[in-house]
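Peer 1: Sending over a structure as structure tokens; questions will come in a sec.
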Amino acid sequence: MSYDSRYPAIEDLIKRAKRKIPRFAFEYLDGGCNEDVNLMRNTKEIREVQLIPQYLTKHTKSEMKTELFGHVYDAPFGIAPVGLQGLMWPKAPEILAQAAHEHNIPFILSTVTTMDIERASELTEGKAWFQLYHPADNQLRDDIIGRADAAGCSVLVLLCDVPTFGFRPRDIRNGLAMPPRMTLSNMLQIMGRPDWALRTLFHGQPNFTTMKPYMPKGLDMKQLGRYMDQTFSGRLNEEKIAPIRDMWKGKIVLKGVACESDAEKAVSLGLDGIIVSNHGGRQLDAGNSTIKPLKYIAEKYRDKLTVMMDSGIRSGPDIARSLASGADFTFLGRTFMYSVAALGSRGGDHAISLLKTQLQQVMEQVCCERIEDFPNFLDRVE
């Protein structure tokens with residue numbers, strides 16, 4: 001498996017994706033919240049991290065295999081959960097889950113994407129992780145968690161950074177919903193993307209597949225939005241996490257950690273890991289980047305639980321910078337979705353192969369033999 005040499009950079013995939021899918025779908029994928037300040041800050045500050053190469057040091061080989069929660073993955077990165085994936089390209093989550101399994105990297109399924117838990121488990125042979133948007137109703141919570149357990153999901157990811165949905169002007173202007181609101185503008189956008197339109201027609205309209213058994217039938221777009229808001233309203237807290245820790249026998253990861261106090265609570269609750277994340281800059285425009293809190297959170301808590309990171313990571317060098325800054329593992333969301341939107345069924349394999357190639361080059365360049373050695377090459381001069 002190798003990447004397509006016509007698209008050797010993430011920027012190439014972004015340009016092609018923009019030409020391949022309707023504007024409302026691309027802007028949902030590409031945008032952050034409010035003025036996109038935090039979205040841009042994420043990647044900018046990751047790329048301010050510098051590594052120091054050691055050219056005269058003896059070097060045999062660079063190995064990127066990484067053990068995480070008892071499983072040895074072939075690379076130190078995985079596919080982050082993304083909502084509404086099938087809106088951006090038909091069967092996108094299936095494409096990515098299958099590619100992740102073939103490349104032996106983790107795939108995280110979102111509660112609000114367009115493939116259900118059972119299908120994700122089937123495609124990954126029970127190795128998928130599941131990210132839970134905590135429902136307001138405990139019975140619904142227990143049923144969804146029970147399905148994830150029955151499907152063999154190895155890791156449960158609890159999302160904590162969506163106490164309220166982000167304010168996203170582009171999505172509001174586009175009338176984004178599931179299915180999309182058929183304004184004249186949106187219809188013209190669809191007509192201008194015939195490949196996307198025909199494939200969507202063939203595969204059927206995307207929907208919130210995991211949630212479908214619980215949703216009243218016949219909801220119009222406004223009712224659907226209201227249902228989702230009411231179903232997932234409320235802030236995740238220690239009282240809500242404790243019973244989940246009791247019922248889930250596998251590994252639990254808290255995603256959306258951005259400060260030491262939340263990391264400390266994750267430790268006290270007996271969780272196995274955290275993902276330092278700000279939801280890809282889609283929730284709090286006034287917040288900080290992920291790389292800054294990662295550095296001090298990893299330094300203080302890395303010996304107590306597994307510290308991972310997402311948000312703002314786009315490329316192999318970005319993965320290297322994040323690992324050098326203290327992350328045990330990394331996740332990417334947009335990079336994989338750009339690739340699938342650009343290349344369809346080949347997109348998952350292309351993105352993973354490209355990232356592996358880029359990361360391998362960085363490791364060999366700086367003389368890093370193992371992933372856990374990356375902090376030794378960090379330029380610590382501020």
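Order determines the names: the first chain of the structure tokens is A, the second B, and so forth; residues in each chain are numbered 1 upward, and ligands are numbered 1 upward as they are shown.
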Excluding Lys356 of chain A and its own-chain neighbours fewer than 5 positions away, which residues fall within 9 Å of it when counting only C-alpha atoms? Please give them as a count of residues only.

Peer 2: 5

Peer 1: Could you tell me, as a ChimeraX atom specification, which residues of segment 54-267 of chain A DSSP assigns to alpha helix (DSSP H) when given the backbone?

Peer 2: /A:85-88,92-103,117-124,138-150,169-174,184-191,194-203,221-231,238-247,260-267

Peer 1: Hey, can you check how far atom CA of Gly32 of chain A sits from atom CA of Thr330 of chain A?

Peer 2: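 Interatomic distance, atom CA of Gly32 of chain A to atom CA of Thr330 of chain A: 19.9 Å.
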
Peer 1: One decimal, Å: what's the distance from atom CA of Cys153 of chain A over to atom CA of Gly273 of chain A, could you say?

Peer 2: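 The value is 15.7 Å.
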
Peer 1: Neighbours of segment 126-136 of chain A within 8 Å (only C-alpha atoms; same-chain residues fewer than 2 positions away dropped), as an MDAnalysis selection string?

Peer 2: chainID A and resid 81 97 101 106:112 117 120:124 138 140:141 148 151:159 230:234 236

Peer 1: Can you write out the residues you just picked, keeping N, CA and C atoms, as a tab-separated table (two decimals), in the first residue's frame?

Peer 2:
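Below you can see out_11.tsv, which holds the result:
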chain	number	residue	atom	x	y	z
A	81	PRO	N	-12.73	10.77	15.75
A	81	PRO	CA	-14.17	10.77	15.44
A	81	PRO	C	-14.57	12.06	14.75
A	97	ALA	N	-12.89	3.21	8.33
A	97	ALA	CA	-12.79	2.09	9.28
A	97	ALA	C	-12.05	0.91	8.64
A	101	HIS	N	-8.31	-0.58	9.76
A	101	HIS	CA	-8.11	-1.99	10.11
A	101	HIS	C	-6.99	-2.60	9.27
A	106	PRO	N	-5.88	2.72	15.10
A	106	PRO	CA	-7.22	2.82	15.70
A	106	PRO	C	-8.16	3.73	14.91
A	107	PHE	N	-9.42	3.34	14.90
A	107	PHE	CA	-10.50	4.13	14.30
A	107	PHE	C	-11.51	4.42	15.39
A	108	ILE	N	-11.85	5.71	15.59
A	108	ILE	CA	-12.85	6.08	16.59
A	108	ILE	C	-14.13	6.47	15.90
A	109	LEU	N	-15.23	5.82	16.25
A	109	LEU	CA	-16.55	6.12	15.69
A	109	LEU	C	-17.27	7.12	16.56
A	110	SER	N	-17.80	8.17	15.96
A	110	SER	CA	-18.59	9.16	16.70
A	110	SER	C	-20.05	8.71	16.84
A	111	THR	N	-20.67	9.08	17.94
A	111	THR	CA	-22.10	8.82	18.13
A	111	THR	C	-22.91	9.46	17.02
A	112	VAL	N	-22.45	10.61	16.51
A	112	VAL	CA	-23.26	11.38	15.56
A	112	VAL	C	-22.69	11.33	14.15
A	117	ILE	N	-22.61	1.50	15.33
A	117	ILE	CA	-21.59	0.81	16.12
A	117	ILE	C	-21.33	-0.60	15.56
A	120	ALA	N	-19.28	-0.63	12.34
A	120	ALA	CA	-17.88	-0.28	12.63
A	120	ALA	C	-17.15	-1.48	13.21
A	121	SER	N	-17.80	-2.21	14.08
A	121	SER	CA	-17.19	-3.39	14.68
A	121	SER	C	-16.95	-4.48	13.64
A	122	GLU	N	-17.91	-4.63	12.74
A	122	GLU	CA	-17.78	-5.63	11.69
A	122	GLU	C	-16.57	-5.33	10.78
A	123	LEU	N	-16.41	-4.07	10.40
A	123	LEU	CA	-15.33	-3.69	9.48
A	123	LEU	C	-13.95	-3.76	10.14
A	124	THR	N	-13.90	-3.57	11.45
A	124	THR	CA	-12.62	-3.57	12.16
A	124	THR	C	-12.39	-4.84	12.96
A	138	ASN	N	-30.37	8.55	31.13
A	138	ASN	CA	-29.46	7.47	31.55
A	138	ASN	C	-29.79	6.14	30.90
A	140	LEU	N	-30.97	5.69	27.88
A	140	LEU	CA	-30.40	5.75	26.53
A	140	LEU	C	-28.89	5.56	26.60
A	141	ARG	N	-28.25	6.21	27.57
A	141	ARG	CA	-26.81	6.04	27.78
A	141	ARG	C	-26.44	4.58	27.94
A	148	ALA	N	-22.12	-0.88	22.38
A	148	ALA	CA	-20.68	-0.79	22.13
A	148	ALA	C	-19.95	-1.98	22.76
A	151	ALA	N	-20.67	-5.12	20.75
A	151	ALA	CA	-19.95	-5.09	19.46
A	151	ALA	C	-18.46	-5.33	19.62
A	152	GLY	N	-17.99	-5.35	20.87
A	152	GLY	CA	-16.58	-5.64	21.12
A	152	GLY	C	-15.68	-4.44	21.06
A	153	CYS	N	-16.23	-3.22	21.11
A	153	CYS	CA	-15.38	-2.03	21.08
A	153	CYS	C	-14.38	-2.09	22.23
A	154	SER	N	-13.12	-1.85	21.91
A	154	SER	CA	-12.08	-2.04	22.91
A	154	SER	C	-11.90	-0.83	23.83
A	155	VAL	N	-12.25	0.35	23.34
A	155	VAL	CA	-12.05	1.58	24.12
A	155	VAL	C	-13.30	2.45	24.01
A	156	LEU	N	-13.76	2.96	25.14
A	156	LEU	CA	-14.88	3.90	25.18
A	156	LEU	C	-14.31	5.30	25.40
A	157	VAL	N	-14.65	6.21	24.51
A	157	VAL	CA	-14.16	7.59	24.59
A	157	VAL	C	-15.31	8.48	25.02
A	158	LEU	N	-15.15	9.17	26.15
A	158	LEU	CA	-16.18	10.06	26.67
A	158	LEU	C	-15.86	11.49	26.24
A	159	LEU	N	-16.76	12.10	25.51
A	159	LEU	CA	-16.54	13.45	25.01
A	159	LEU	C	-17.00	14.46	26.05
A	230	GLN	N	-31.88	18.29	22.48
A	230	GLN	CA	-32.45	17.83	23.75
A	230	GLN	C	-31.81	16.52	24.21
A	231	THR	N	-31.50	15.64	23.29
A	231	THR	CA	-30.96	14.33	23.63
A	231	THR	C	-29.57	14.44	24.23
A	232	PHE	N	-28.77	15.39	23.72
A	232	PHE	CA	-27.38	15.49	24.17
A	232	PHE	C	-27.11	16.78	24.93
A	233	SER	N	-28.13	17.31	25.55
A	233	SER	CA	-27.94	18.54	26.32
A	233	SER	C	-27.31	18.22	27.67
A	234	GLY	N	-26.56	19.14	28.19
A	234	GLY	CA	-26.00	18.96	29.53
A	234	GLY	C	-24.50	18.76	29.54
A	236	LEU	N	-20.96	17.16	30.86
A	236	LEU	CA	-20.39	15.96	31.46
A	236	LEU	C	-19.66	16.34	32.75

Peer 1: So, counting only C-alpha atoms, which residue among A:Ala99, A:Leu68, A:Ile46, A:Ile274 is closest to Ser315 of chain A?

Peer 2: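 Closest candidate: A:Ile46.
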
Peer 1: Identify, with DSSP run on backbone atoms, the residues in segment 72-180 of chain A assigned to strand (DSSP E), and express the list as an MDAnalysis selection string.

Peer 2: chainID A and resid 72:73 77:79 108:110 129:132 155:159

Peer 1: I'd like to know which of A:Glu27, A:Asp229, A:Glu299, A:Asp36 is closest to Thr164 of chain A, using only C-alpha atoms.

Peer 2: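 Closest candidate: A:Asp229.
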
Peer 1: Ranking A:Arg314, A:Arg245, A:His279, A:His59 by minimum distance to Glu11 of chain A and counting only C-alpha atoms, which one comes first?

Peer 2: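 Using only C-alpha atoms, the shortest distance to Glu11 of chain A belongs to A:Arg314.
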
Peer 1: Hey, can you check how far atom CA of Asp149 of chain A sits from atom CA of Glu94 of chain A?

Peer 2: 19.7 Å

Peer 1: Write out as a list in words each polymer residue whose atoms come within 12 Å of Lys58 of chain A, counting only C-alpha atoms; drop sequence neighbours fewer than 4 positions from it.

Peer 2: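 What passes the distance filter is Gln54, Ser62, Glu364, Val366, Cys367, Cys368 and Glu369 of chain A.
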